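Just target11.pdb here, PDB, C-alpha atoms:
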ATOM      1  CA  MET A   1       0.000   0.000   0.000  1.00  0.00           C
ATOM      2  CA  ALA A   2       1.313   3.461  -0.873  1.00  0.00           C
ATOM      3  CA  SER A   3       1.827   5.784   2.042  1.00  0.00           C
ATOM      4  CA  ILE A   4       0.194   8.715   0.253  1.00  0.00           C
ATOM      5  CA  MET A   5      -3.105   9.085  -1.610  1.00  0.00           C
ATOM      6  CA  GLU A   6      -4.310  12.345  -3.113  1.00  0.00           C
ATOM      7  CA  GLY A   7      -7.317  13.765  -4.914  1.00  0.00           C
ATOM      8  CA  PRO A   8     -10.041  16.413  -4.910  1.00  0.00           C
ATOM      9  CA  LEU A   9     -12.902  16.548  -2.415  1.00  0.00           C
ATOM     10  CA  SER A  10     -15.371  19.166  -1.283  1.00  0.00           C
ATOM     11  CA  LYS A  11     -15.074  20.293   2.331  1.00  0.00           C
ATOM     12  CA  TRP A  12     -17.954  21.883   4.226  1.00  0.00           C
ATOM     13  CA  THR A  13     -16.797  25.264   5.485  1.00  0.00           C
ATOM     14  CA  ASN A  14     -19.829  27.097   6.877  1.00  0.00           C
ATOM     15  CA  VAL A  15     -23.414  28.072   6.077  1.00  0.00           C
ATOM     16  CA  MET A  16     -22.341  31.170   4.120  1.00  0.00           C
ATOM     17  CA  LYS A  17     -19.744  29.458   1.892  1.00  0.00           C
ATOM     18  CA  GLY A  18     -21.075  25.888   1.910  1.00  0.00           C
ATOM     19  CA  TRP A  19     -19.033  23.196   0.137  1.00  0.00           C
ATOM     20  CA  GLN A  20     -15.604  24.306  -1.068  1.00  0.00           C
ATOM     21  CA  TYR A  21     -13.344  22.445  -3.508  1.00  0.00           C
ATOM     22  CA  ARG A  22     -10.049  21.373  -1.949  1.00  0.00           C
ATOM     23  CA  TRP A  23      -7.127  19.163  -3.014  1.00  0.00           C
ATOM     24  CA  PHE A  24      -6.425  16.530  -0.335  1.00  0.00           C
ATOM     25  CA  VAL A  25      -3.332  14.509   0.469  1.00  0.00           C
ATOM     26  CA  LEU A  26      -3.769  11.524   2.780  1.00  0.00           C
ATOM     27  CA  ASP A  27      -0.450  10.532   4.363  1.00  0.00           C
ATOM     28  CA  TYR A  28      -0.881   7.222   6.225  1.00  0.00           C
ATOM     29  CA  ASN A  29       2.558   7.301   7.812  1.00  0.00           C
ATOM     30  CA  ALA A  30       2.125  10.797   9.261  1.00  0.00           C
ATOM     31  CA  GLY A  31      -1.528  10.157  10.149  1.00  0.00           C
ATOM     32  CA  LEU A  32      -2.587  13.404   8.446  1.00  0.00           C
ATOM     33  CA  LEU A  33      -5.172  14.455   5.897  1.00  0.00           C
ATOM     34  CA  SER A  34      -3.782  17.742   4.535  1.00  0.00           C
ATOM     35  CA  TYR A  35      -5.757  20.017   2.247  1.00  0.00           C
ATOM     36  CA  TYR A  36      -4.995  22.803  -0.189  1.00  0.00           C
ATOM     37  CA  THR A  37      -7.159  25.250  -2.159  1.00  0.00           C
ATOM     38  CA  SER A  38      -5.884  23.690  -5.413  1.00  0.00           C
ATOM     39  CA  LYS A  39      -3.498  21.063  -6.740  1.00  0.00           C
ATOM     40  CA  ASP A  40      -1.221  23.896  -7.856  1.00  0.00           C
ATOM     41  CA  LYS A  41      -1.079  25.235  -4.278  1.00  0.00           C
ATOM     42  CA  MET A  42      -0.227  21.712  -3.098  1.00  0.00           C
ATOM     43  CA  MET A  43       2.655  21.581  -5.585  1.00  0.00           C
ATOM     44  CA  ARG A  44       3.904  24.891  -4.147  1.00  0.00           C
ATOM     45  CA  GLY A  45       3.564  23.652  -0.559  1.00  0.00           C
ATOM     46  CA  SER A  46       0.870  26.171   0.398  1.00  0.00           C
ATOM     47  CA  ARG A  47      -1.259  24.048   2.752  1.00  0.00           C
ATOM     48  CA  ARG A  48      -4.663  25.418   3.808  1.00  0.00           C
ATOM     49  CA  GLY A  49      -5.049  23.046   6.758  1.00  0.00           C
ATOM     50  CA  CYS A  50      -4.917  19.463   7.960  1.00  0.00           C
ATOM     51  CA  VAL A  51      -6.880  16.931   9.980  1.00  0.00           C
ATOM     52  CA  ARG A  52      -5.026  14.694  12.434  1.00  0.00           C
ATOM     53  CA  LEU A  53      -6.247  11.121  11.973  1.00  0.00           C
ATOM     54  CA  ARG A  54      -4.870   9.334  15.028  1.00  0.00           C
ATOM     55  CA  GLY A  55      -7.852   8.479  17.204  1.00  0.00           C
ATOM     56  CA  ALA A  56     -10.286   9.872  14.617  1.00  0.00           C
ATOM     57  CA  VAL A  57     -13.797   8.505  14.149  1.00  0.00           C
ATOM     58  CA  ILE A  58     -14.893   8.117  10.519  1.00  0.00           C
ATOM     59  CA  GLY A  59     -18.591   8.298   9.632  1.00  0.00           C
ATOM     60  CA  ILE A  60     -20.083   7.550   6.201  1.00  0.00           C
ATOM     61  CA  ASP A  61     -23.528   8.946   5.401  1.00  0.00           C
ATOM     62  CA  ASP A  62     -26.173   6.174   5.291  1.00  0.00           C
ATOM     63  CA  GLU A  63     -27.999   7.768   2.353  1.00  0.00           C
ATOM     64  CA  ASP A  64     -25.043   9.143   0.385  1.00  0.00           C
ATOM     65  CA  ASP A  65     -21.830   7.110   0.472  1.00  0.00           C
ATOM     66  CA  SER A  66     -19.890   9.945  -1.167  1.00  0.00           C
ATOM     67  CA  THR A  67     -20.310  12.056   1.990  1.00  0.00           C
ATOM     68  CA  PHE A  68     -18.346  11.309   5.140  1.00  0.00           C
ATOM     69  CA  THR A  69     -17.210  12.905   8.384  1.00  0.00           C
ATOM     70  CA  ILE A  70     -14.038  12.765  10.420  1.00  0.00           C
ATOM     71  CA  THR A  71     -14.381  13.557  14.110  1.00  0.00           C
ATOM     72  CA  VAL A  72     -11.246  14.140  16.154  1.00  0.00           C
ATOM     73  CA  ASP A  73     -10.602  16.165  19.305  1.00  0.00           C
ATOM     74  CA  GLN A  74     -14.345  16.941  19.555  1.00  0.00           C
ATOM     75  CA  LYS A  75     -14.381  18.638  16.128  1.00  0.00           C
ATOM     76  CA  THR A  76     -16.237  17.211  13.122  1.00  0.00           C
ATOM     77  CA  PHE A  77     -15.121  17.809   9.533  1.00  0.00           C
ATOM     78  CA  HIS A  78     -17.525  17.127   6.627  1.00  0.00           C
ATOM     79  CA  PHE A  79     -16.324  15.946   3.214  1.00  0.00           C
ATOM     80  CA  GLN A  80     -17.901  14.977  -0.100  1.00  0.00           C
ATOM     81  CA  GLY A  81     -16.567  13.295  -3.251  1.00  0.00           C
ATOM     82  CA  GLU A  82     -17.864  11.411  -6.278  1.00  0.00           C
ATOM     83  CA  SER A  83     -16.698   7.855  -5.708  1.00  0.00           C
ATOM     84  CA  LEU A  84     -15.340   5.720  -2.904  1.00  0.00           C
ATOM     85  CA  VAL A  85     -11.793   4.457  -2.754  1.00  0.00           C
ATOM     86  CA  CYS A  86     -11.413   1.787  -0.066  1.00  0.00           C
ATOM     87  CA  PHE A  87      -8.234   0.533   1.510  1.00  0.00           C
ATOM     88  CA  SER A  88      -7.097  -1.477   4.502  1.00  0.00           C
ATOM     89  CA  PRO A  89      -6.709   0.376   7.780  1.00  0.00           C
ATOM     90  CA  PRO A  90      -3.566   2.494   7.756  1.00  0.00           C
ATOM     91  CA  PRO A  91      -1.101   2.166  10.619  1.00  0.00           C
ATOM     92  CA  LEU A  92      -3.037   4.519  12.871  1.00  0.00           C
ATOM     93  CA  SER A  93      -6.067   4.284  15.089  1.00  0.00           C
ATOM     94  CA  LEU A  94      -9.231   4.795  13.049  1.00  0.00           C
ATOM     95  CA  THR A  95     -12.525   3.723  14.551  1.00  0.00           C
ATOM     96  CA  SER A  96     -16.096   3.646  13.340  1.00  0.00           C
ATOM     97  CA  HIS A  97     -19.014   5.076  15.294  1.00  0.00           C
ATOM     98  CA  SER A  98     -19.437   1.630  16.856  1.00  0.00           C
ATOM     99  CA  GLY A  99     -15.948   1.953  18.354  1.00  0.00           C
ATOM    100  CA  LYS A 100     -14.498  -0.933  16.326  1.00  0.00           C
ATOM    101  CA  GLU A 101     -11.481  -0.725  14.038  1.00  0.00           C
ATOM    102  CA  MET A 102     -12.731  -0.230  10.516  1.00  0.00           C
ATOM    103  CA  TYR A 103     -11.696  -0.325   6.900  1.00  0.00           C
ATOM    104  CA  ALA A 104     -11.644   3.308   5.868  1.00  0.00           C
ATOM    105  CA  CYS A 105     -13.407   4.371   2.692  1.00  0.00           C
ATOM    106  CA  TRP A 106     -12.499   7.766   1.309  1.00  0.00           C
ATOM    107  CA  PRO A 107     -14.549   9.447  -1.403  1.00  0.00           C
ATOM    108  CA  LEU A 108     -11.699  10.614  -3.620  1.00  0.00           C
ATOM    109  CA  LEU A 109     -12.438  11.685  -7.167  1.00  0.00           C
ATOM    110  CA  ALA A 110      -9.102  10.696  -8.630  1.00  0.00           C
ATOM    111  CA  GLY A 111      -8.099   8.067  -6.098  1.00  0.00           C
ATOM    112  CA  ARG A 112      -4.521   8.379  -7.269  1.00  0.00           C
ATOM    113  CA  ARG A 113      -1.651   7.189  -5.209  1.00  0.00           C
ATOM    114  CA  ALA A 114       1.368   9.459  -5.221  1.00  0.00           C
TER     115      ALA A 114
END

Will you turn the file into structure tokens for me?
Amino acid sequence: MASIMEGPLSKWTNVMKGWQYRWFVLDYNAGLLSYYTSKDKMMRGSRRGCVRLRGAVIGIDDEDDSTFTITVDQKTFHFQGESLVCFSPPPLSLTSHSGKEMYACWPLLAGRRA
């Protein structure tokens, strides 16, 4: 398994701005989901933010499997993509809402591994 996966997703920002396009980089080894305003900004190293994944709880919408949440440190992030890319659990602690270790499914448009 590659240690990095990248691709575009929409991230919920707030009621005024709604869903915003972002370029995401999932780094299993670092346990981080970093995001950028564009792929070009990612290439230039201009990160907009990141979500720490160690101890995170992943939730996938029951009605729309392209929408999911990541809850960590009592903060919930909302994401949306077009198709699911599934992989075995990375070497970090991800749990489902039931509290069990889970196979993480990420809605990544490109699903490319870097």

Nearest to A:Arg48: which of A:Phe24, A:Lys75, A:Glu6, A:Phe68 is it, counting only C-alpha atoms?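 Comparing A:Phe24, A:Lys75, A:Glu6, A:Phe68 against A:Arg48, the winner is A:Phe24.
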
Closest of A:Leu9, A:Val15, A:Leu53, A:Val72 to A:Tyr36 - atom-to-atom distances counting only C-alpha atoms: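 Of the candidates, the smallest distance to A:Tyr36 is held by A:Leu9.
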
May I ask for the distance between atom CA of A:Asp64 and atom CA of A:Met5, given in Å to one decimal place?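 A separation of 22.0 Å between them.
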
Of the listed residues A:Arg54, A:Lys17, A:Arg44, A:His78, that which approaches A:Gly31 most closely, counting only C-alpha atoms: A:Arg54

Please indicate the distance in Å from atom CA of A:Ile60 to atom CA of A:Asp73, rounded to one decimal place. 18.3 Å

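Shortest separation to A:Val57 among A:Ile4, A:Ile70, A:Met16, A:Leu26 occurs at residue A:Ile70, atoms counted being all atoms listed in the file.
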
Mind telling me what the PyMOL selection byres ((chain A and resi 30) around 9) catches here, as a ChimeraX atom specification? /A:3,26-29,31-33,52-53,92

Quote the spacing between atom CA of A:Thr71 and atom CA of A:Lys39 in Å to one decimal place. 24.7 Å

Rank nothing, just name the residue among A:Gln74, A:Val25, A:Met42, A:Asn14 nearest to A:Ala56, using only C-alpha atoms. A:Gln74

Decode the PyMOL selection byres ((chain A and resi 22) around 8) for the given file into explicit residues and return them as a PyMOL selection string. chain A and resi 8-11+20-21+23-24+35-38

Have a look at A:Gly18, A:Gly7, A:Phe79, A:Met43 and name the one nearest to A:Gly59; count all atoms listed in the file.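 Closest residue, counting all atoms listed in the file: A:Phe79.
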